[in-house]
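Participant: You'll find work-v9.txt just under this line, and it carries compact mmCIF, C-alpha atoms.
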# COMPACT_ATOMS: atom_id res chain seq x y z
CA MET E 1 0.00 0.00 0.00
CA THR E 2 1.25 3.48 -0.81
CA THR E 3 2.31 5.71 2.04
CA LEU E 4 -0.21 8.44 1.21
CA LYS E 5 -3.11 5.99 1.02
CA SER E 6 -2.10 4.35 4.31
CA ARG E 7 -1.84 7.81 5.90
CA LEU E 8 -5.40 8.55 4.73
CA GLN E 9 -6.63 5.29 6.23
CA ASP E 10 -4.83 5.89 9.52
CA ASP E 11 -6.26 9.40 9.70
CA LEU E 12 -9.73 8.02 8.94
CA THR E 13 -9.43 5.58 11.83
CA ALA E 14 -8.34 8.40 14.15
CA ALA E 15 -11.19 10.64 12.96
CA ILE E 16 -13.74 7.90 13.61
CA LYS E 17 -12.37 7.32 17.11
CA GLU E 18 -12.51 11.08 17.79
CA ARG E 19 -16.06 11.18 16.36
CA ASP E 20 -15.02 13.90 13.91
CA GLU E 21 -17.90 13.55 11.44
CA LEU E 22 -16.64 16.04 8.84
CA ARG E 23 -13.13 14.62 8.64
CA SER E 24 -14.24 10.99 8.64
CA ALA E 25 -16.87 11.58 5.93
CA THR E 26 -14.38 13.48 3.76
CA LEU E 27 -11.68 10.83 4.13
CA ARG E 28 -14.20 8.05 3.40
CA MET E 29 -15.26 9.76 0.16
CA THR E 30 -11.64 10.27 -0.85
CA LEU E 31 -10.67 6.67 -0.12
CA ALA E 32 -13.71 5.53 -2.11
CA ALA E 33 -12.55 7.64 -5.07
CA ILE E 34 -9.06 6.12 -4.77
CA THR E 35 -10.49 2.58 -4.69
CA LYS E 36 -12.70 3.37 -7.69
CA GLU E 37 -9.63 4.56 -9.59
CA GLU E 38 -7.73 1.39 -8.60
CA VAL E 39 -10.39 -0.96 -9.98
CA ALA E 40 -11.11 1.08 -13.12
CA GLY E 41 -9.77 -0.34 -16.33
CA ALA E 42 -9.01 -3.86 -17.48
CA SER E 43 -7.42 -5.06 -14.24
CA ALA E 44 -7.21 -3.88 -10.65
CA ARG E 45 -3.95 -2.25 -9.62
CA GLU E 46 -2.53 -0.25 -6.75
CA LEU E 47 -2.04 3.47 -7.30
CA SER E 48 1.30 5.15 -6.71
CA ASP E 49 1.58 8.12 -4.34
CA ASP E 50 1.54 10.49 -7.33
CA GLU E 51 -1.66 8.91 -8.65
CA VAL E 52 -3.26 9.05 -5.19
CA GLN E 53 -2.29 12.72 -4.98
CA LYS E 54 -3.97 13.36 -8.35
CA VAL E 55 -7.18 11.76 -7.05
CA ILE E 56 -7.04 13.93 -3.91
CA THR E 57 -6.43 17.01 -6.08
CA ARG E 58 -9.43 16.12 -8.22
CA GLU E 59 -11.60 15.63 -5.12
CA ALA E 60 -10.45 18.99 -3.70
CA LYS E 61 -11.32 20.69 -6.99
CA LYS E 62 -14.80 19.14 -6.87
CA ARG E 63 -15.27 20.60 -3.37
CA ARG E 64 -14.17 24.07 -4.54
CA GLU E 65 -16.52 24.01 -7.52
CA ALA E 66 -19.41 22.71 -5.42
CA ALA E 67 -18.82 25.42 -2.81
CA GLU E 68 -18.98 28.08 -5.53
CA ALA E 69 -22.16 26.58 -6.97
CA PHE E 70 -23.85 26.38 -3.56
CA ALA E 71 -22.79 29.93 -2.70
CA SER E 72 -24.16 31.33 -5.96
CA GLY E 73 -27.35 29.32 -5.40
CA GLY E 74 -27.90 30.91 -2.00
CA ARG E 75 -27.10 27.80 0.04
CA ALA E 76 -24.43 29.22 2.32
CA GLU E 77 -24.54 26.36 4.84
CA GLN E 78 -23.88 23.72 2.15
CA ALA E 79 -21.16 25.91 0.60
CA GLU E 80 -19.44 26.17 3.98
CA ARG E 81 -19.52 22.37 4.37
CA GLU E 82 -17.87 21.94 0.94
CA ARG E 83 -15.17 24.49 1.84
CA ALA E 84 -14.49 22.67 5.12
CA GLU E 85 -14.12 19.37 3.25
CA GLY E 86 -11.71 21.08 0.85
CA GLU E 87 -9.62 22.25 3.80
CA VAL E 88 -9.42 18.68 5.12
CA LEU E 89 -8.14 17.51 1.72
CA ALA E 90 -5.67 20.41 1.51
CA ASP E 91 -3.72 18.79 4.38
CA TYR E 92 -2.78 15.96 1.99
CA LEU E 93 -1.74 18.13 -0.93
CA PRO E 94 1.54 19.96 -1.51
CA LYS E 95 1.59 23.62 -0.53
CA GLN E 96 0.15 25.72 -3.35
CA LEU E 97 2.40 28.18 -5.15
CA THR E 98 1.94 31.87 -4.47
CA ASP E 99 1.23 34.17 -7.42
CA GLU E 100 4.82 35.45 -7.30
CA GLU E 101 6.31 31.93 -7.33
CA LEU E 102 4.04 30.94 -10.21
CA ASP E 103 4.95 34.08 -12.18
CA THR E 104 8.66 33.31 -11.71
CA LEU E 105 8.25 29.73 -13.00
CA VAL E 106 6.16 30.94 -15.96
CA ALA E 107 8.73 33.65 -16.82
CA GLU E 108 11.51 31.03 -16.86
CA ALA E 109 9.44 28.73 -19.08
CA VAL E 110 8.63 31.59 -21.49
CA GLU E 111 12.34 32.41 -21.79
CA GLU E 112 13.15 28.74 -22.47
CA ALA E 113 10.41 28.57 -25.13
CA ARG E 114 11.66 31.79 -26.78
CA ALA E 115 15.20 30.38 -26.81
CA ALA E 116 13.79 27.32 -28.60
CA GLY E 117 12.12 29.56 -31.19
CA ALA E 118 8.52 29.77 -29.92
CA GLU E 119 7.18 33.34 -30.05
CA GLY E 120 3.95 35.19 -29.27
CA PRO E 121 0.59 33.73 -28.30
CA LYS E 122 1.23 30.66 -30.47
CA ALA E 123 3.94 29.63 -27.98
CA MET E 124 1.26 28.76 -25.38
CA GLY E 125 1.54 24.98 -25.93
CA ALA E 126 5.34 24.99 -25.78
CA VAL E 127 5.37 27.08 -22.59
CA MET E 128 2.71 24.90 -20.93
CA LYS E 129 4.77 21.77 -21.72
CA LEU E 130 7.76 23.36 -20.00
CA VAL E 131 5.97 24.79 -16.95
CA ASN E 132 3.58 21.93 -16.08
CA PRO E 133 6.26 19.52 -14.79
CA LYS E 134 7.73 22.31 -12.64
CA VAL E 135 4.34 23.16 -11.17
CA ALA E 136 3.28 19.51 -10.69
CA GLY E 137 0.16 19.75 -8.55
CA ARG E 138 1.16 22.92 -6.73
CA ALA E 139 -1.13 25.12 -8.84
CA GLU E 140 -4.40 24.50 -10.68
CA GLY E 141 -4.17 24.17 -14.47
CA GLY E 142 -6.46 27.12 -15.16
CA ARG E 143 -4.38 29.36 -12.94
CA VAL E 144 -1.19 28.28 -14.72
CA ALA E 145 -2.74 28.83 -18.16
CA ALA E 146 -3.92 32.32 -17.16
CA ALA E 147 -0.41 33.21 -15.95
CA VAL E 148 1.13 31.94 -19.20
CA LYS E 149 -1.37 33.89 -21.34
CA LYS E 150 -0.70 37.03 -19.32
CA ARG E 151 3.08 36.64 -19.69
CA LEU E 152 2.88 35.92 -23.43
CA ALA E 153 0.53 38.85 -24.06
CA GLY E 154 2.60 41.34 -22.10
Please re-express this file's structure in structure tokens.
Facilitator:
Amino acid sequence: MTTLKSRLQDDLTAAIKERDELRSATLRMTLAAITKEEVAGASARELSDDEVQKVITREAKKRREAAEAFASGGRAEQAERERAEGEVLADYLPKQLTDEELDTLVAEAVEEARAAGAEGPKAMGAVMKLVNPKVAGRAEGGRVAAAVKKRLAG
């Protein structure tokens, strides 16, 4: 079993013993998503830590989007619950990059792409290929793309 998955299961056990309903429900849903991912496809397999982290990232994104939808629909209590679940999942994800750190990484990638001959807005794909491995789960894709577009435009 991967270390991240076993950490999730250990934390779930602790949350159940402490009768922490929010944390235990969130961890149960996340472990269910991980199990679903493991049995998807032709044969069952065990996910690596990186793959488990991607599942957790996806689950956290779902919570963010649901919180926004509930908030815009006037259901503040449900939106707050989704935000709280997102905070629980954030404990298992790498620290997110600040805007300044992201801008620095994007600037470096743009310079690399220009050195390789990519220029202007058409260089978007080349820059994204360079910056995505450096960002690796520490910033959402949309946020990275917006930073790249901004840098290429200006």
Participant: Expressed in Å to a single decimal, how great is the separation between CA of Ala42 in chain E and CA of Ala25 in chain E?
Facilitator: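 These atoms are spaced 29.1 Å apart.
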Participant: Taking (-13.0, 21.7, 0.9) in the file's coordinates as the center, which residues reach within 9 Å of it, counting only C-alpha atoms, put as a ChimeraX atom specification?
Facilitator: /E:26,59-64,67,80-90
Participant: Report, in Å with one decimal, the straight-line distance from CA of Ala123 in chain E to CA of Glu65 in chain E.
Facilitator: 29.5 Å
Participant: How close does each residue of range 48-75 of chain E get to range 6-14 of chain E, giving the shortest atom pair and distance in Å to one decimal for every residue with an atom at most 12 Å away, counting all atoms listed in the file, sorted by chain and residue number, as a Markdown table?
Facilitator:
| residue | atom | partner | partner_atom | distance |
| --- | --- | --- | --- | --- |
| E:Ser48 | CA | E:Ser6 | CA | 11.6 |
| E:Asp49 | CA | E:Ser6 | CA | 10.1 |
| E:Val52 | CA | E:Leu8 | CA | 10.2 |
| E:Gln53 | CA | E:Leu8 | CA | 11.0 |
| E:Ile56 | CA | E:Leu8 | CA | 10.3 |
Participant: Of the candidates E:Val131, E:Ala71, E:Ile16, E:Leu47, which one gets nearest to Leu4 in chain E if we count all atoms listed in the file?
Facilitator: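 For Leu4 in chain E, the nearest of the candidates is E:Leu47.
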